[in-house]
6 protein chains.
Amino acid sequence: MATVPLLRDEEAGAAALAVFDDIRAKRQTDYVNNFWRALAHDPATLKATWERAQAVMAPGALDPLVKELIYIAVSTANGCDYCVHSHTAAAKARGMTPAMHGELLAVIAMAAQTNALATALSVPVDDRFKA
Amino acid sequence: MATVPLLRDEEAGAAALAVFDDIRAKRQTDYVNNFWRALAHDPATLKATWERAQAVMAPGALDPLVKELIYIAVSTANGCDYCVHSHTAAAKARGMTPAMHGELLAVIAMAAQTNALATALSVPVDDRFKA
Amino acid sequence: MATVPLLRDEEAGAAALAVFDDIRAKRQTDYVNNFWRALAHDPATLKATWERAQAVMAPGALDPLVKELIYIAVSTANGCDYCVHSHTAAAKARGMTPAMHGELLAVIAMAAQTNALATALSVPVDDRFKA
Amino acid sequence: MATVPLLRDEEAGAAALAVFDDIRAKRQTDYVNNFWRALAHDPATLKATWERAQAVMAPGALDPLVKELIYIAVSTANGCDYCVHSHTAAAKARGMTPAMHGELLAVIAMAAQTNALATALSVPVDDRFKA
Amino acid sequence: MATVPLLRDEEAGAAALAVFDDIRAKRQTDYVNNFWRALAHDPATLKATWERAQAVMAPGALDPLVKELIYIAVSTANGCDYCVHSHTAAAKARGMTPAMHGELLAVIAMAAQTNALATALSVPVDDRFKA
Amino acid sequence: MATVPLLRDEEAGAAALAVFDDIRAKRQTDYVNNFWRALAHDPATLKATWERAQAVMAPGALDPLVKELIYIAVSTANGCDYCVHSHTAAAKARGMTPAMHGELLAVIAMAAQTNALATALSVPVDDRFKA
């Protein structure tokens, strides 16, 4: 249960509704997911987050699917269950296969364990790794 | 400064040295980085970690460069400075361009901020995101 | 579902019950929330936690509402859903308005993203920021 | 040592330099701190981060000093040493006294410990804490 | 709800089923818990994780119960609710008493708070603590 | 470099000095480590932290060495370099052998990786693991 009520369309103000409409248009779906409905209490943050997300997740030097895999990795390390779910769904929609999902999780788990080892050992950074 | 001394070749036992030799052969370099020299105090974990890392990071459904980007993402979220450095270097060696690096960081930052928002709002997972 | 049963008044020992009574008296309510009922299995930690919490959260150089905002920020970064809920409720009870809540979340999200960027870039601390 | 070189003014491109100039003008100082010099490799993220930071940290329903305290709290929980240093300096510049600093740290520590207890006990959220 | 369906025996492939059988034989129970059923989509990671877990958690210089306490501590700090539950159950099965559980939580909470204080203060490591 | 100056004996106030003296007496050493010298700016938190630490780390249902191992585990997961160093030194002083250190790190790494897998898979808690 959220710490704020999720706003239905008829409860959202004009500024929030404009973002909902843009989400619908850009994604070509009527569905607006819970994250945006919770954020709608603060239309300024809603708009800034949605606009920045579009810019960041657009095709560029990295493929949108690769960006979704990175998003899942960060969300997992930060323990955000909502984000793990929403971006796993987004990655599948962009073509993530079960084999890719499996390898993604194996890399996340490998990193988590070597992160822990390097931290517990407080390994000094090799000179050759410094920019 | 590490919580254990980094082992030079002449200080490492036979089991650890065998792993050092394999690292050198597989990577075609004489250089063994500090992480493995710190782990060498425990040859069983050294060997298990090195072998699992090779299996996990090998080409498969995901490209090795993509795997390095995911590794950087997890290491950043976990705050492992050593790992951020070593895998940023590894990603560059595998072809990560400055533009790719920039987009990687933008996605990591985007995920970190929406992770925080979703957690502070405790947004319930949409039914359609559940497997 | 907790990893231990929540103790009702009639299940709690005398030492735990004394803390429950103090919670009721200080907060002027009959309600003892789940956190304390779970902690009641270890009356020493229950008592130490409750007493320290009162000392720390009391008015001082910082206003109690400001302290609640800080509490929400830490709880969000640590991913503690229970704490996010209980301290969001506490902050509202102390006067947090929706506008303040929105700004709090915007700052938390801003910090989360620049934390990630600074860590991924391993930015060295400027001399002028050192005490 | 950063994972990228810090860009001096003469190494930064025009877009990054324009942000540096805006930082100098808004802060009324010649000094541009290391975070922005590291971010300057990606002028789009540099500009987006600087502009969002100004909007988020401006006076509003919460005082700018309170926002800095929240920033320190998040940065501490996320283990970002650079951010802890830069925002502790910023908070002092905005009037944080040693007494306020002490109380801030006491609240952060209190939250950290109850976050851990609530997580280890997996305490279910009380109905009355739900929005 | 998991991000992948939990595989029942009749849905798992031969490689995954062989691991399920080994789990049953080693633990002398018919029950295979959800973690392994979710991992079964990727039999290679399932097998590697199960085999490494057995090696790591076996009696050695540290007692298996002590290893379970350490596992709970890490899982708590990482905010993994599933792991907190499964390893609290495992620790109880290995003889963790309520008094031990209480002391474990008190140490976890103590560490969490001093971790936060040391990070917020950025305390430099004493020379005598370096290896 | 700390965010506050470390206080030498002659700079500390009477209340902080009394804690320093107690640390010296209880530990039977003249050395007061940096953590306490940084905390000395806030004598109330210094005293509360020192007193709670003594109560929590005392022999009880768990051995003091086991408590130090748990402390290292939490400090690693929280990424606190100072705490990893100080408690690794404390554990060695209490009898942690290299073999024990190696097994501790192997368990920490194992937990870190299964924490990540369980979170990325969002595995639902088995009914039998609930209290």
# chains A, B, ... in the order shown; residues from 1 in each chain; ligands from 1
call {"tool": "calpha_fit_and_write", "arguments": {"fixed": "chain C", "moving": "chain B", "output": "compact mmCIF listing (two decimals) with C-alpha atoms, in the first residue's frame"}}
result
# COMPACT_ATOMS: atom_id res chain seq x y z
CA MET B 1 4.77 -11.66 8.05
CA ALA B 2 7.38 -11.05 10.73
CA THR B 3 10.24 -13.46 11.47
CA VAL B 4 8.95 -13.51 15.07
CA PRO B 5 5.34 -13.33 16.34
CA LEU B 6 4.17 -9.85 17.33
CA LEU B 7 3.55 -9.93 21.07
CA ARG B 8 0.16 -8.87 22.37
CA ASP B 9 0.08 -7.24 25.82
CA GLU B 10 -0.87 -10.50 27.51
CA GLU B 11 2.08 -12.30 25.86
CA ALA B 12 4.71 -9.72 26.73
CA GLY B 13 6.81 -10.05 29.87
CA ALA B 14 6.86 -7.43 32.62
CA ALA B 15 9.90 -5.60 31.27
CA ALA B 16 8.41 -5.30 27.78
CA LEU B 17 5.05 -4.30 29.18
CA ALA B 18 6.67 -1.48 31.13
CA VAL B 19 8.02 -0.10 27.86
CA PHE B 20 4.60 -0.49 26.20
CA ASP B 21 3.10 1.49 29.07
CA ASP B 22 5.70 4.22 28.68
CA ILE B 23 5.06 4.39 24.91
CA ARG B 24 1.34 4.81 25.65
CA ALA B 25 1.94 7.50 28.25
CA LYS B 26 4.43 9.52 26.24
CA ARG B 27 2.39 9.34 23.04
CA GLN B 28 -0.97 9.71 24.76
CA THR B 29 -2.54 6.85 22.83
CA ASP B 30 -3.48 3.26 23.57
CA TYR B 31 -1.94 2.08 20.33
CA VAL B 32 1.44 0.33 20.36
CA ASN B 33 2.66 -0.21 16.81
CA ASN B 34 4.01 -3.45 15.37
CA PHE B 35 7.68 -2.49 15.55
CA TRP B 36 7.66 -2.44 19.33
CA ARG B 37 5.56 -5.64 19.52
CA ALA B 38 8.16 -7.45 17.40
CA LEU B 39 11.05 -6.03 19.44
CA ALA B 40 9.36 -7.13 22.68
CA HIS B 41 10.96 -10.56 22.43
CA ASP B 42 14.18 -8.85 23.55
CA PRO B 43 13.19 -6.43 26.36
CA ALA B 44 16.73 -5.05 26.70
CA THR B 45 16.89 -3.95 23.06
CA LEU B 46 13.26 -2.77 23.22
CA LYS B 47 14.04 -0.52 26.18
CA ALA B 48 17.37 0.76 24.82
CA THR B 49 15.82 1.54 21.42
CA TRP B 50 12.78 3.31 22.83
CA GLU B 51 14.84 5.41 25.24
CA ARG B 52 17.43 6.37 22.66
CA ALA B 53 14.71 7.22 20.13
CA GLN B 54 13.09 9.62 22.58
CA ALA B 55 16.39 11.38 23.31
CA VAL B 56 17.33 11.63 19.65
CA MET B 57 13.96 12.76 18.32
CA ALA B 58 13.29 15.39 21.01
CA PRO B 59 13.28 19.09 20.11
CA GLY B 60 16.78 20.56 20.10
CA ALA B 61 18.87 22.42 17.55
CA LEU B 62 16.65 20.73 14.95
CA ASP B 63 12.88 20.73 14.93
CA PRO B 64 11.14 17.35 15.50
CA LEU B 65 9.48 17.61 12.07
CA VAL B 66 12.86 18.12 10.40
CA LYS B 67 14.10 15.05 12.26
CA GLU B 68 11.20 13.02 10.86
CA LEU B 69 12.05 14.17 7.32
CA ILE B 70 15.65 13.03 7.83
CA TYR B 71 14.35 9.70 9.17
CA ILE B 72 12.26 9.18 6.03
CA ALA B 73 15.28 10.02 3.87
CA VAL B 74 17.50 7.43 5.56
CA SER B 75 14.75 4.81 5.59
CA THR B 76 14.18 5.30 1.87
CA ALA B 77 17.86 4.97 1.04
CA ASN B 78 18.04 1.84 3.19
CA GLY B 79 14.92 0.41 1.55
CA CYS B 80 13.02 -0.12 4.82
CA ASP B 81 9.35 -0.22 3.83
CA TYR B 82 8.10 -0.41 7.41
CA CYS B 83 10.14 2.62 8.45
CA VAL B 84 9.12 4.65 5.40
CA HIS B 85 5.49 4.05 6.31
CA SER B 86 5.76 4.67 10.04
CA HIS B 87 7.85 7.84 9.73
CA THR B 88 5.77 9.23 6.86
CA ALA B 89 2.79 8.87 9.19
CA ALA B 90 4.76 10.46 12.04
CA ALA B 91 5.84 13.37 9.83
CA LYS B 92 2.25 13.99 8.75
CA ALA B 93 1.19 13.97 12.39
CA ARG B 94 3.84 16.63 13.05
CA GLY B 95 2.62 18.85 10.25
CA MET B 96 4.26 17.69 7.04
CA THR B 97 2.12 19.10 4.23
CA PRO B 98 1.78 17.51 0.76
CA ALA B 99 4.05 20.27 -0.58
CA MET B 100 6.71 19.45 1.98
CA HIS B 101 6.35 15.74 1.22
CA GLY B 102 6.82 16.45 -2.47
CA GLU B 103 9.95 18.51 -1.90
CA LEU B 104 11.35 15.91 0.48
CA LEU B 105 10.99 13.23 -2.19
CA ALA B 106 12.50 15.49 -4.85
CA VAL B 107 15.59 16.05 -2.68
CA ILE B 108 15.90 12.33 -1.87
CA ALA B 109 15.71 11.50 -5.59
CA MET B 110 18.21 14.23 -6.47
CA ALA B 111 20.65 12.96 -3.88
CA ALA B 112 20.23 9.36 -5.03
CA GLN B 113 21.10 10.27 -8.58
CA THR B 114 24.13 12.43 -7.79
CA ASN B 115 25.34 9.82 -5.29
CA ALA B 116 25.29 7.32 -8.15
CA LEU B 117 27.09 9.68 -10.53
CA ALA B 118 29.79 10.62 -8.02
CA THR B 119 30.38 6.95 -7.19
CA ALA B 120 30.49 5.80 -10.82
CA LEU B 121 32.92 8.63 -11.60
CA SER B 122 34.82 8.13 -8.30
CA VAL B 123 35.17 11.89 -7.99
CA PRO B 124 38.00 12.89 -5.61
CA VAL B 125 36.94 15.13 -2.72
CA ASP B 126 37.90 18.78 -3.27
CA ASP B 127 40.41 20.05 -0.71
CA ARG B 128 38.06 22.84 0.30
CA PHE B 129 35.43 20.32 1.43
CA LYS B 130 37.79 18.73 3.96
CA ALA B 131 37.52 19.74 7.62
call {"tool": "select_by_dssp", "arguments": {"residues": "chain C", "states": "alpha helix (DSSP H)", "output": "PyMOL selection string"}}
result
chain C and resi 14-27+34-39+43-57+64-77+81-93+98-121
